[in-house]
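Source file: input_22.txt (compact mmCIF, C-alpha atoms)
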```txt
# COMPACT_ATOMS: atom_id res chain seq x y z
CA MET A 1 138.59 237.09 55.58
CA THR A 2 141.98 238.13 54.28
CA SER A 3 144.64 239.03 56.73
CA LEU A 4 146.48 242.08 55.51
CA ALA A 5 149.62 243.56 56.91
CA HIS A 6 148.64 246.57 58.96
CA SER A 7 148.67 248.86 55.97
CA PRO A 8 145.44 250.76 55.80
CA SER A 9 147.12 253.87 54.56
CA THR A 10 146.75 253.38 50.87
CA ILE A 11 143.17 252.31 50.67
CA ALA A 12 141.22 255.22 52.09
CA ASP A 13 138.37 256.20 49.85
CA ALA A 14 139.27 253.77 47.14
CA GLY A 15 137.62 254.67 43.90
CA LEU A 16 135.76 252.65 41.35
CA ASN A 17 136.42 248.93 41.50
CA GLN A 18 139.52 249.23 43.61
CA PRO A 19 140.06 246.81 46.42
CA MET A 20 139.28 248.48 49.69
CA ALA A 21 140.31 247.13 53.05
CA TRP A 22 137.79 247.22 55.85
CA GLN A 23 138.20 246.66 59.53
CA PRO A 24 135.61 245.33 61.92
CA VAL A 25 135.07 247.28 65.13
CA THR A 26 133.13 245.96 68.11
CA TRP A 27 132.78 248.26 71.06
CA LEU A 28 130.36 248.19 73.99
CA GLY A 29 127.91 245.90 72.26
CA MET A 30 128.00 247.70 68.90
CA SER A 31 129.57 246.12 65.87
CA LEU A 32 130.39 247.86 62.60
CA VAL A 33 132.82 247.81 59.72
CA VAL A 34 134.72 250.88 58.58
CA PRO A 35 137.41 251.48 55.97
CA ALA A 36 140.70 250.26 57.42
CA ALA A 37 142.24 253.71 57.08
CA TRP A 38 139.73 255.11 59.54
CA GLU A 39 141.16 254.79 63.01
CA ILE A 40 139.58 255.33 66.40
CA LEU A 41 140.79 258.69 67.70
CA GLN A 42 138.28 259.13 70.52
CA HIS A 43 136.47 256.50 72.52
CA ALA A 44 134.11 256.31 75.44
CA ARG A 45 133.92 253.58 78.06
CA ASP A 46 130.39 254.13 79.29
CA PRO A 47 127.84 251.85 77.61
CA LYS A 48 125.08 254.32 78.53
CA ARG A 49 126.46 257.41 76.87
CA GLY A 50 129.45 258.21 74.73
CA LYS A 51 130.93 258.29 71.29
CA LEU A 52 133.52 256.79 69.03
CA VAL A 53 135.29 259.10 66.60
CA PHE A 54 137.11 257.71 63.60
CA ALA A 55 139.55 259.70 61.49
CA ASP A 56 141.52 259.07 58.34
CA HIS A 57 144.98 260.57 57.88
CA ARG A 58 143.71 264.14 57.80
CA ARG A 59 140.33 264.53 59.47
CA GLY A 60 137.39 263.01 61.34
CA ARG A 61 135.28 260.76 59.12
CA LEU A 62 132.81 259.03 61.40
CA HIS A 63 131.25 260.06 64.69
CA MET A 64 129.14 257.40 66.32
CA GLY A 65 127.34 258.50 69.46
CA TRP A 66 124.99 256.66 71.79
CA ALA A 67 122.78 257.69 74.67
CA GLU A 68 120.56 255.63 76.92
CA ALA A 69 116.82 256.18 76.47
CA LYS A 70 113.93 254.71 78.40
CA ARG A 71 111.84 254.34 75.28
CA PRO A 72 112.37 254.68 71.53
CA PRO A 73 112.34 258.34 70.53
CA ASP A 74 110.19 259.81 67.78
CA THR A 75 112.80 259.18 65.11
CA GLU A 76 111.12 261.24 62.39
CA ARG A 77 110.89 264.26 64.62
CA LEU A 78 114.45 263.87 65.85
CA ILE A 79 115.80 263.70 62.31
CA GLU A 80 113.68 266.69 61.36
CA ASP A 81 115.15 268.64 64.29
CA TYR A 82 118.66 267.85 63.12
CA ARG A 83 117.79 268.93 59.62
CA ALA A 84 116.33 272.21 60.90
CA ARG A 85 119.46 272.84 62.94
CA ASP A 86 121.68 272.22 59.91
CA LEU A 87 119.56 274.60 57.87
CA GLU A 88 119.81 277.23 60.59
CA GLU A 89 123.62 277.00 60.45
CA ASP A 90 123.68 277.46 56.69
CA ALA A 91 120.59 278.30 54.69
CA ALA A 92 122.26 277.13 51.48
CA THR A 93 122.55 273.56 52.73
CA GLN A 94 121.10 270.99 50.36
CA PHE A 95 119.42 267.88 51.72
CA SER A 96 118.51 264.51 50.37
CA SER A 97 116.74 261.80 52.27
CA LEU A 98 118.44 258.58 53.19
CA GLY A 99 115.09 256.90 53.60
CA VAL A 100 115.23 253.80 55.77
CA LEU A 101 118.47 251.95 55.30
CA ALA A 102 119.05 248.80 57.36
CA GLY A 103 117.07 250.24 60.22
CA TRP A 104 118.70 253.66 59.99
CA ARG A 105 116.77 256.82 59.24
CA GLY A 106 118.45 259.99 58.21
CA TYR A 107 119.54 262.33 55.48
CA ARG A 108 122.51 263.58 53.53
CA ARG A 109 123.58 267.18 53.84
CA ARG A 110 125.66 268.89 51.18
CA ARG A 111 127.65 272.07 51.71
CA GLY A 112 130.01 272.86 48.87
CA GLY A 113 131.81 269.65 47.97
CA GLU A 114 131.40 268.09 51.39
CA VAL A 115 128.58 265.70 52.11
CA VAL A 116 127.58 264.60 55.59
CA THR A 117 125.41 261.55 56.16
CA ARG A 118 123.51 261.75 59.41
CA ALA A 119 121.56 258.71 60.54
CA GLY A 120 120.06 257.33 63.72
CA ARG A 121 118.43 254.18 65.01
CA PHE A 122 117.26 252.77 68.29
CA ASP A 123 119.03 249.84 69.95
CA ASP A 124 116.16 248.15 71.75
CA LEU A 125 118.45 245.51 73.19
CA HIS A 126 120.43 247.94 75.31
CA MET A 127 117.80 250.70 75.16
CA ARG A 128 119.94 253.40 73.62
CA TRP A 129 119.68 255.83 70.73
CA ILE A 130 122.58 255.52 68.31
CA GLU A 131 123.60 258.22 65.88
CA MET A 132 126.08 258.05 63.08
CA THR A 133 127.60 261.01 61.27
CA LEU A 134 129.68 260.19 58.24
CA ILE A 135 131.79 262.90 56.65
CA TRP A 136 132.61 262.68 52.95
CA PRO A 137 134.95 265.57 52.06
CA ASP A 138 134.84 264.87 48.31
CA GLY A 139 131.29 263.67 47.83
CA VAL A 140 129.53 260.68 49.24
CA ASN A 141 130.85 257.21 48.50
CA ARG A 142 127.49 255.45 48.38
CA PRO A 143 128.75 251.84 48.46
CA ALA A 144 130.88 252.64 51.50
CA GLU A 145 128.03 254.52 53.15
CA ARG A 146 125.67 251.63 52.51
CA ARG A 147 128.13 249.10 53.80
CA ILE A 148 128.82 250.99 57.03
CA LEU A 149 125.14 251.44 57.81
CA ASP A 150 124.09 248.03 56.57
CA GLN A 151 126.69 246.08 58.52
CA PHE A 152 126.12 247.83 61.80
CA ALA A 153 124.78 245.40 64.38
CA VAL A 154 123.93 245.38 68.02
CA VAL A 155 125.60 242.50 69.84
CA ASP A 156 123.69 240.72 72.56
CA ASP A 157 126.30 240.37 75.29
CA ARG A 158 123.92 240.53 78.23
CA GLN A 159 124.16 236.85 79.08
CA GLY A 160 127.51 235.87 77.64
CA PRO A 161 130.97 237.19 76.93
CA SER A 162 131.48 240.60 75.35
CA ARG A 163 133.47 240.87 72.17
CA TRP A 164 135.96 243.66 71.51
CA ARG A 165 137.55 244.48 68.19
CA ALA A 166 139.61 247.63 68.24
CA PHE A 167 143.18 248.93 68.25
CA GLY A 168 144.49 245.92 66.37
CA MET A 169 143.07 243.41 68.86
CA ASP A 170 140.18 240.97 68.70
CA PHE A 171 139.15 239.35 71.96
CA GLN A 172 136.29 238.65 74.32
CA THR A 173 135.79 239.33 77.99
CA PRO A 174 133.88 237.05 80.35
CA ARG A 175 130.52 238.34 81.49
CA GLY A 176 130.77 240.94 84.23
CA LEU A 177 134.13 242.42 83.28
CA GLN A 178 133.68 246.11 82.48
CA LEU A 179 136.02 248.29 80.49
CA ARG A 180 137.75 250.70 82.86
CA ARG A 181 140.44 252.17 80.71
CA ALA A 182 141.67 252.12 77.14
CA ASP A 183 145.06 253.66 76.65
CA VAL A 184 146.50 254.01 73.18
CA ARG A 185 150.04 255.30 72.75
CA PRO A 186 152.51 255.05 69.92
CA GLY A 187 153.34 251.39 69.71
CA SER A 188 151.00 250.14 72.39
CA ALA A 189 147.31 249.76 73.11
CA THR A 190 146.10 248.65 76.53
CA MET A 191 142.58 247.89 77.67
CA ARG A 192 141.85 247.29 81.36
CA PHE A 193 138.82 245.52 82.74
CA SER A 194 137.49 244.79 86.20
CA ASP A 195 134.39 243.23 87.68
CA ASP A 196 132.24 245.15 90.14
CA ARG A 197 130.34 242.08 91.24
CA ARG A 198 133.45 240.03 91.85
CA PRO A 199 135.92 242.45 93.43
CA GLY A 200 139.51 241.53 92.95
CA GLN A 201 139.11 240.25 89.43
CA GLN A 202 140.98 242.30 86.85
CA ALA A 203 142.35 241.85 83.37
CA GLU A 204 144.57 243.79 81.05
CA ILE A 205 144.87 243.18 77.33
CA ARG A 206 147.84 244.71 75.51
CA ARG A 207 149.10 244.95 71.97
CA LEU A 208 152.69 246.15 71.61
CA SER A 209 154.02 247.10 68.20
CA ALA A 210 157.39 247.69 66.54
CA ALA A 211 158.47 244.54 68.38
CA ASP A 212 161.21 243.93 65.83
CA ALA A 213 163.01 246.91 67.37
CA TRP A 214 162.85 245.86 71.02
CA PHE A 215 161.62 242.29 71.52
CA ASP A 216 164.21 239.55 71.24
CA GLY A 217 161.70 236.74 71.73
CA ASP A 218 162.35 236.36 75.45
CA ALA A 219 158.79 236.38 76.78
CA GLN A 220 159.88 235.39 80.28
CA THR A 221 161.97 238.55 80.66
CA LEU A 222 159.10 240.68 79.42
CA ILE A 223 156.79 239.09 81.98
CA ARG A 224 159.33 239.39 84.80
CA GLU A 225 159.70 243.10 84.10
CA GLN A 226 156.05 243.58 85.06
CA LEU A 227 156.83 242.64 88.69
CA PRO A 228 160.59 242.32 89.01
CA ARG A 229 160.52 241.54 92.75
CA SER A 230 157.97 238.75 92.52
CA LYS A 231 158.81 235.09 92.26
CA TRP A 232 157.53 233.84 88.93
CA THR A 233 156.96 230.35 87.66
CA PHE A 234 156.67 229.83 83.93
CA GLU A 235 154.99 227.28 81.76
CA GLN A 236 154.67 226.75 78.03
CA ARG A 237 151.13 226.43 76.77
CA PHE A 238 149.62 225.78 73.38
CA TYR A 239 147.29 228.62 72.37
CA GLU A 240 145.66 229.38 69.01
CA GLY A 241 148.09 227.10 67.22
CA ARG A 242 151.25 228.46 68.80
CA GLN A 243 153.45 228.04 71.85
CA VAL A 244 152.98 230.82 74.38
CA VAL A 245 154.66 231.57 77.68
CA VAL A 246 152.50 231.94 80.77
CA GLY A 247 153.97 233.37 83.97
CA LEU A 248 152.30 232.82 87.33
CA THR A 249 152.91 234.72 90.53
CA VAL A 250 151.13 236.01 93.59
CA GLN A 251 149.80 239.53 93.15
CA PRO A 252 151.68 241.76 95.62
CA ASP A 253 148.60 243.07 97.40
CA ALA A 254 148.44 244.30 100.98
CA VAL A 255 149.43 241.69 103.55
CA TRP A 256 145.97 241.61 105.12
CA ARG A 257 144.53 240.11 101.96
CA ARG A 258 146.72 237.05 102.32
CA LEU A 259 146.12 236.82 106.05
CA VAL A 260 142.38 236.67 105.57
CA GLY A 261 142.71 234.17 102.75
CA ARG A 262 142.04 236.65 99.92
CA ARG A 263 145.26 236.11 98.07
CA ARG A 264 145.15 236.94 94.40
CA ASP A 265 147.10 235.20 91.66
CA ARG A 266 148.46 236.92 88.62
CA ARG A 267 148.88 235.27 85.25
CA ASP A 268 150.66 236.83 82.29
CA MET A 269 150.53 235.29 78.86
CA VAL A 270 152.81 236.66 76.13
CA TRP A 271 153.47 235.80 72.54
CA ALA A 272 154.66 237.48 69.36
CA ASP A 273 152.64 237.22 66.16
CA ALA A 274 153.99 235.42 63.13
CA SER A 275 155.42 238.60 61.58
CA GLY A 276 157.40 239.35 64.73
CA HIS A 277 156.16 242.94 64.64
CA ARG A 278 153.55 242.67 67.35
CA VAL A 279 153.55 241.23 70.83
CA PHE A 280 150.30 240.36 72.58
CA HIS A 281 150.07 240.30 76.34
CA VAL A 282 147.18 239.20 78.54
CA THR A 283 147.32 239.78 82.29
CA THR A 284 144.73 238.44 84.70
CA ILE A 285 144.54 239.04 88.42
CA SER A 286 142.00 236.90 90.22
CA PRO A 287 141.31 235.39 93.63
CA ALA A 288 143.24 232.15 94.06
CA ALA A 289 139.97 230.28 94.55
CA ARG A 290 138.55 231.53 91.21
CA PRO A 291 141.39 231.54 88.70
CA LEU A 292 140.90 233.56 85.54
CA GLU A 293 142.94 231.97 82.79
CA PRO A 294 144.33 234.27 80.06
CA GLU A 295 143.13 231.91 77.33
CA VAL A 296 139.53 232.81 78.21
CA PHE A 297 140.00 236.12 76.41
CA ALA A 298 140.74 234.41 73.08
CA LEU A 299 142.95 237.35 72.10
CA ARG A 300 144.25 237.49 68.57
CA ALA A 301 145.33 240.09 66.02
CA LEU A 302 142.50 241.98 64.37
CA GLU A 303 142.10 240.92 60.78
CA PHE A 304 141.22 243.21 57.93
CA GLU A 305 138.91 242.34 55.15
CA ALA A 306 139.62 243.23 51.52
CA THR A 307 136.64 243.73 49.25
CA LEU A 308 135.96 245.28 45.89
CA THR A 309 133.96 248.46 45.90
CA ARG A 310 131.36 248.65 43.18
CA GLY A 311 130.62 252.23 42.32
CA GLY A 312 132.60 255.29 43.19
CA GLY A 313 132.06 258.76 44.54
CA ASP A 314 128.76 260.40 44.11
CA ALA A 315 127.38 263.78 44.82
CA MET B 316 151.82 266.34 56.68
CA ASP B 317 152.71 267.58 53.20
CA ALA B 318 155.96 269.08 54.44
CA VAL B 319 159.11 267.37 53.24
CA PRO B 320 161.95 266.88 55.73
CA ILE B 321 165.36 267.55 54.21
CA ARG B 322 168.60 266.54 55.90
CA ASN B 323 171.22 269.09 56.82
CA GLN B 324 173.96 268.47 54.26
CA GLU B 325 176.63 269.46 56.76
CA VAL B 326 175.77 266.56 59.05
CA ARG B 327 178.27 263.70 58.95
CA VAL B 328 176.80 260.23 59.41
CA ASP B 329 178.73 257.48 61.13
CA ARG B 330 177.11 254.05 60.85
CA ARG B 331 178.26 251.72 63.59
CA GLY B 332 176.61 248.48 62.71
CA LYS B 333 173.04 247.91 61.66
CA ASP B 334 171.28 249.50 64.59
CA ASN B 335 173.53 252.32 65.62
CA VAL B 336 173.95 255.58 63.77
CA VAL B 337 175.74 258.64 65.08
CA LEU B 338 175.17 262.03 63.52
CA TYR B 339 177.83 264.71 63.85
CA VAL B 340 176.50 268.24 63.60
CA PRO B 341 179.07 271.00 63.08
CA LEU B 342 178.98 273.64 65.78
CA ARG B 343 179.26 277.30 65.06
CA ARG B 344 182.72 278.46 66.08
CA ARG B 345 182.60 281.33 68.52
CA TRP B 346 185.46 283.62 69.46
CA PHE B 347 186.51 281.39 72.36
CA ASN B 348 186.71 278.33 70.09
CA HIS B 349 189.74 279.79 68.34
CA ARG B 350 193.36 279.92 69.31
CA PRO B 351 194.77 280.58 71.83
CA PHE B 352 191.78 279.37 73.88
CA SER B 353 191.56 276.15 71.91
CA TRP B 354 195.15 275.32 72.90
CA ILE B 355 194.05 275.16 76.51
CA LEU B 356 190.51 273.82 76.17
CA PRO B 357 189.98 271.34 73.33
CA PHE B 358 186.52 272.38 72.17
CA SER B 359 184.76 269.93 69.94
CA SER B 360 183.90 271.16 66.50
CA HIS B 361 180.93 268.80 66.26
CA ARG B 362 178.11 267.62 68.43
CA ALA B 363 177.35 263.89 68.27
CA ILE B 364 173.79 262.58 68.35
CA GLY B 365 173.16 258.84 68.50
CA LEU B 366 170.13 257.25 66.87
CA ASP B 367 168.67 253.84 67.55
CA SER B 368 167.41 251.63 64.75
CA LEU B 369 164.01 253.32 64.57
CA GLY B 370 165.56 256.78 64.60
CA ALA B 371 168.03 255.76 61.92
CA GLU B 372 165.17 254.49 59.81
CA VAL B 373 163.36 257.83 59.95
CA TRP B 374 166.63 259.68 59.32
CA ASP B 375 167.24 257.57 56.22
CA ALA B 376 163.69 258.21 55.06
CA CYS B 377 164.35 261.97 55.05
CA ASP B 378 165.63 261.89 51.49
CA GLY B 379 164.28 265.26 50.44
CA ARG B 380 161.54 263.69 48.33
CA ALA B 381 159.23 261.83 50.71
CA SER B 382 156.62 263.90 52.51
CA THR B 383 156.06 263.48 56.22
CA GLU B 384 152.84 261.62 55.45
CA ARG B 385 154.67 259.17 53.21
CA ILE B 386 157.36 258.60 55.84
CA VAL B 387 154.69 257.95 58.46
CA GLU B 388 152.85 255.54 56.16
CA ASN B 389 155.98 253.55 55.46
CA PHE B 390 156.98 253.51 59.11
CA ALA B 391 153.51 252.30 60.10
CA ARG B 392 153.55 249.58 57.49
CA ARG B 393 157.02 248.37 58.43
CA HIS B 394 156.32 248.14 62.15
CA ALA B 395 152.68 247.07 62.20
CA LEU B 396 151.54 250.35 63.68
CA SER B 397 148.39 252.24 62.90
CA PHE B 398 148.87 255.47 60.94
CA HIS B 399 148.13 257.74 63.89
CA GLU B 400 150.37 255.77 66.25
CA ALA B 401 153.19 256.07 63.74
CA ARG B 402 152.37 259.74 63.15
CA MET B 403 152.83 260.58 66.82
CA SER B 404 156.20 258.84 66.97
CA VAL B 405 157.57 260.08 63.67
CA VAL B 406 156.36 263.67 63.94
CA THR B 407 157.73 264.00 67.49
CA PHE B 408 161.04 262.59 66.34
CA LEU B 409 161.16 264.95 63.35
CA GLN B 410 160.47 267.86 65.70
CA HIS B 411 163.52 266.82 67.74
CA LEU B 412 165.63 266.59 64.60
CA THR B 413 164.40 269.99 63.48
CA ALA B 414 165.15 271.57 66.86
CA ARG B 415 168.70 270.20 66.64
CA ARG B 416 169.03 271.52 63.08
CA LEU B 417 169.54 268.07 61.66
CA VAL B 418 166.65 268.47 59.24
CA VAL B 419 164.58 271.31 57.89
CA MET B 420 160.94 270.98 56.97
CA VAL B 421 160.05 272.33 53.57
CA GLY B 422 156.36 272.97 53.13
CA ALA B 423 154.24 272.83 50.01
CA MET B 424 156.94 271.00 48.07
CA ARG B 425 154.31 269.24 46.03
CA GLU B 426 152.71 272.40 44.79
CA GLU B 427 156.07 273.94 43.90
CA SER B 428 157.25 270.91 42.03
CA ALA B 429 153.90 270.60 40.27
CA SER B 430 154.10 274.16 38.99
```
I'd like the structure from this file rewritten - as structure tokens, please.
Amino acid sequence: MTSLAHSPSTIADAGLNQPMAWQPVTWLGMSLVVPAAWEILQHARDPKRGKLVFADHRRGRLHMGWAEAKRPPDTERLIEDYRARDLEEDAATQFSSLGVLAGWRGYRRRRGGEVVTRAGRFDDLHMRWIEMTLIWPDGVNRPAERRILDQFAVVDDRQGPSRWRAFGMDFQTPRGLQLRRADVRPGSATMRFSDDRRPGQQAEIRRLSAADAWFDGDAQTLIREQLPRSKWTFEQRFYEGRQVVVGLTVQPDAVWRRLVGRRRDRRDMVWADASGHRVFHVTTISPAARPLEPEVFALRALEFEATLTRGGGDA
Amino acid sequence: MDAVPIRNQEVRVDRRGKDNVVLYVPLRRRWFNHRPFSWILPFSSHRAIGLDSLGAEVWDACDGRASTERIVENFARRHALSFHEARMSVVTFLQHLTARRLVVMVGAMREESAS
């Protein structure tokens, strides 16, 4: 794995034998790799139904949708229905079969210069139908298509922690924590989790960028700003080979919580990456009796992978 | 994204240290900006707009050659942002600059220069 500076812009649709950077994405128990220039523009939080949409600089390139199903659908028939619908939209559409590729069934559709790969497979671990639509504006890049479909995997997170790789972050959440919100703004990405079975337990994972313009290295001040009126205590910890600052305080909940012994503690862990461009921030709020340490999330910067593509565009 | 931002040549740039840039935009002189009114009320001939380090960086990148896409790419690379994160910041900032007549966006520069 080669760590690249966050520079996916120049490697979209690399041609013959050019190094192409790829990024791993793990979301709601689905793991895939996509060209690094494809970014998540739409996301869903519901593991039962939703979609992820990836786009390059100009347009959508990959739509991955999922929907819960009680039993595996008749894949052949489903694919045939899609094909019929495409043909209905445009009678001049040309088709070629994808066959069975790494468990995916589907076809390629050509209209003018644009090729669309449509494939589906059943995730029998989580009982959901997964569909992938890849858009190739200038003809299909078969090695890239093969790699995306081939490297897709369903992650068994039913008994253990769930892994997340998205928005420049790579981390895991303890079992039971569900994604409640993912908020991506210029310069920051925040993912919030809470646990329905253990009320009161929450976590927030943040990646802040352009840190060279605003972060002077004072992690304690950054933590204090989260709750300026709270009394913080700070400690230095060693995490992933670096010194990090952890702030501890009592979560300012309603008074009754403390009176009935349901006080919650808040822990904030902050550090800047080696380049100084990004700041990572983990916040946990948990009952005092069951502390949730920020290190549990094993947060680190998402790494890109550079590989050589063999073979170029193809109609 | 192909449009090329070009700086207003009339804008005067005052660099106050590394992270502080002030742009002075000349104001159109109206009838009340002239004497004898100007003897009584000292109207400013320029409007000052301060830029922080990130704003100054985008301003400097508007060299009349780089397209918006190229500026966004470089900004993203320099600050460890994703392309679309950088795009939102840079394009919004360029819109502000355009509204204040500090830059103009010239479209289809590539095609023109190619022909």
Legend entry - Selection near segment 418-422 of chain B, 9 Å with only C-alpha atoms, sequence-local residues under 5 positions removed, as a PyMOL selection string: chain B and resi 316-324+374+377+379+383+409-410+412-413
Selected residues, C-alpha atoms, written as a CSV table (one decimal), keeping the file's coordinate frame, please.
```csv
chain,number,residue,atom,x,y,z
B,316,MET,CA,151.8,266.3,56.7
B,317,ASP,CA,152.7,267.6,53.2
B,318,ALA,CA,156.0,269.1,54.4
B,319,VAL,CA,159.1,267.4,53.2
B,320,PRO,CA,162.0,266.9,55.7
B,321,ILE,CA,165.4,267.6,54.2
B,322,ARG,CA,168.6,266.5,55.9
B,323,ASN,CA,171.2,269.1,56.8
B,324,GLN,CA,174.0,268.5,54.3
B,374,TRP,CA,166.6,259.7,59.3
B,377,CYS,CA,164.4,262.0,55.0
B,379,GLY,CA,164.3,265.3,50.4
B,383,THR,CA,156.1,263.5,56.2
B,409,LEU,CA,161.2,265.0,63.4
B,410,GLN,CA,160.5,267.9,65.7
B,412,LEU,CA,165.6,266.6,64.6
B,413,THR,CA,164.4,270.0,63.5
```
Residues of chain A within 12 Å of chain B: nearest atom pair and distance (Å, one decimal) for each, counting only C-alpha atoms, sorted by chain and number, as JSON lines?
```
{"residue": "A:Leu4", "atom": "CA", "partner": "B:Ala395", "partner_atom": "CA", "distance": 10.4}
{"residue": "A:Ala5", "atom": "CA", "partner": "B:Ala395", "partner_atom": "CA", "distance": 7.0}
{"residue": "A:His6", "atom": "CA", "partner": "B:Ala395", "partner_atom": "CA", "distance": 5.2}
{"residue": "A:Ser7", "atom": "CA", "partner": "B:Arg392", "partner_atom": "CA", "distance": 5.2}
{"residue": "A:Pro8", "atom": "CA", "partner": "B:Phe398", "partner_atom": "CA", "distance": 7.8}
{"residue": "A:Ser9", "atom": "CA", "partner": "B:Glu388", "partner_atom": "CA", "distance": 6.2}
{"residue": "A:Thr10", "atom": "CA", "partner": "B:Glu388", "partner_atom": "CA", "distance": 8.4}
{"residue": "A:Ile11", "atom": "CA", "partner": "B:Glu388", "partner_atom": "CA", "distance": 11.6}
{"residue": "A:Ala12", "atom": "CA", "partner": "B:Phe398", "partner_atom": "CA", "distance": 11.7}
{"residue": "A:Ala36", "atom": "CA", "partner": "B:Ser397", "partner_atom": "CA", "distance": 9.6}
{"residue": "A:Ala37", "atom": "CA", "partner": "B:Phe398", "partner_atom": "CA", "distance": 7.9}
{"residue": "A:Trp38", "atom": "CA", "partner": "B:Phe398", "partner_atom": "CA", "distance": 9.3}
{"residue": "A:Glu39", "atom": "CA", "partner": "B:His399", "partner_atom": "CA", "distance": 7.6}
{"residue": "A:Ile40", "atom": "CA", "partner": "B:His399", "partner_atom": "CA", "distance": 9.2}
{"residue": "A:Leu41", "atom": "CA", "partner": "B:His399", "partner_atom": "CA", "distance": 8.3}
{"residue": "A:Gln42", "atom": "CA", "partner": "B:His399", "partner_atom": "CA", "distance": 12.0}
{"residue": "A:Phe54", "atom": "CA", "partner": "B:His399", "partner_atom": "CA", "distance": 11.0}
{"residue": "A:Ala55", "atom": "CA", "partner": "B:His399", "partner_atom": "CA", "distance": 9.1}
{"residue": "A:Asp56", "atom": "CA", "partner": "B:Phe398", "partner_atom": "CA", "distance": 8.6}
{"residue": "A:His57", "atom": "CA", "partner": "B:Phe398", "partner_atom": "CA", "distance": 7.1}
{"residue": "A:Arg58", "atom": "CA", "partner": "B:Met316", "partner_atom": "CA", "distance": 8.5}
{"residue": "A:Arg59", "atom": "CA", "partner": "B:His399", "partner_atom": "CA", "distance": 11.2}
{"residue": "A:Ala166", "atom": "CA", "partner": "B:Ser397", "partner_atom": "CA", "distance": 11.3}
{"residue": "A:Phe167", "atom": "CA", "partner": "B:Ser397", "partner_atom": "CA", "distance": 8.2}
{"residue": "A:Gly168", "atom": "CA", "partner": "B:Ser397", "partner_atom": "CA", "distance": 8.2}
{"residue": "A:Met169", "atom": "CA", "partner": "B:Ser397", "partner_atom": "CA", "distance": 11.9}
{"residue": "A:Asp183", "atom": "CA", "partner": "B:Glu400", "partner_atom": "CA", "distance": 11.9}
{"residue": "A:Val184", "atom": "CA", "partner": "B:Glu400", "partner_atom": "CA", "distance": 8.1}
{"residue": "A:Arg185", "atom": "CA", "partner": "B:Glu400", "partner_atom": "CA", "distance": 6.5}
{"residue": "A:Pro186", "atom": "CA", "partner": "B:Glu400", "partner_atom": "CA", "distance": 4.3}
{"residue": "A:Gly187", "atom": "CA", "partner": "B:Glu400", "partner_atom": "CA", "distance": 6.3}
{"residue": "A:Ser188", "atom": "CA", "partner": "B:Glu400", "partner_atom": "CA", "distance": 8.4}
{"residue": "A:Ala189", "atom": "CA", "partner": "B:Glu400", "partner_atom": "CA", "distance": 9.6}
{"residue": "A:Arg207", "atom": "CA", "partner": "B:Leu396", "partner_atom": "CA", "distance": 10.2}
{"residue": "A:Leu208", "atom": "CA", "partner": "B:Leu396", "partner_atom": "CA", "distance": 9.0}
{"residue": "A:Ser209", "atom": "CA", "partner": "B:Leu396", "partner_atom": "CA", "distance": 6.1}
{"residue": "A:Ala210", "atom": "CA", "partner": "B:His394", "partner_atom": "CA", "distance": 4.5}
{"residue": "A:Ala211", "atom": "CA", "partner": "B:His394", "partner_atom": "CA", "distance": 7.5}
{"residue": "A:Asp212", "atom": "CA", "partner": "B:His394", "partner_atom": "CA", "distance": 7.4}
{"residue": "A:Ala213", "atom": "CA", "partner": "B:Ser368", "partner_atom": "CA", "distance": 7.0}
{"residue": "A:Trp214", "atom": "CA", "partner": "B:Ser368", "partner_atom": "CA", "distance": 9.7}
{"residue": "A:Asp273", "atom": "CA", "partner": "B:Ala395", "partner_atom": "CA", "distance": 10.6}
{"residue": "A:Ala274", "atom": "CA", "partner": "B:Ala395", "partner_atom": "CA", "distance": 11.8}
{"residue": "A:Ser275", "atom": "CA", "partner": "B:Ala395", "partner_atom": "CA", "distance": 8.9}
{"residue": "A:Gly276", "atom": "CA", "partner": "B:His394", "partner_atom": "CA", "distance": 9.2}
{"residue": "A:His277", "atom": "CA", "partner": "B:His394", "partner_atom": "CA", "distance": 5.8}
{"residue": "A:Arg278", "atom": "CA", "partner": "B:Ala395", "partner_atom": "CA", "distance": 6.8}
{"residue": "A:Val279", "atom": "CA", "partner": "B:Ala395", "partner_atom": "CA", "distance": 10.5}
{"residue": "A:Ala301", "atom": "CA", "partner": "B:Ala395", "partner_atom": "CA", "distance": 10.8}
{"residue": "A:Leu302", "atom": "CA", "partner": "B:Ala395", "partner_atom": "CA", "distance": 11.6}
```
Legend entry - Contacts of segment 77-85 of chain A within 12 Å, only C-alpha atoms, excl. fewer than 4 positions in-chain, as number ranges by chain: A: 72-73, 89-91, 93-100, 104-110, 116-122, 129-133
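The interatomic distance for the pair atom CA of Pro24 of chain A and atom CA of Glu293 of chain A works out to 25.8 Å.
Between atom CA of Phe171 of chain A and atom CA of Arg61 of chain A lies a distance of 25.3 Å.
Considering the residues B:Arg362, B:Arg380, B:His411, B:Arg416 and counting all atoms listed in the file, Leu342 of chain B has its shortest atom-to-atom contact with B:Arg362.
Residue nearest Met30 of chain A within the list A:Ala153, A:Gly112, A:Gly139, A:His126: A:Ala153 [criterion: smallest interatomic distance, only C-alpha atoms].
Computed from the coordinates, the atom CA of Glu372 of chain B to atom CA of Tyr339 of chain B distance equals 16.8 Å.
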Inset, instruction - Using all atoms listed in the file, find the one residue out of B:Leu417, B:Arg344, B:Arg327, B:Val336 that sits nearest to Gly370 of chain B. - result: B:Val336
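The closest residue to Leu179 of chain A, picked from A:Val244, A:Ala44, A:Val115, A:Ala219 and counting only C-alpha atoms, is A:Ala44.
Each of A:Asp253, A:Asp268, A:Glu305, A:Asp46 was checked against Arg180 of chain A using only C-alpha atoms; the smallest atom-to-atom distance is that of A:Asp46.
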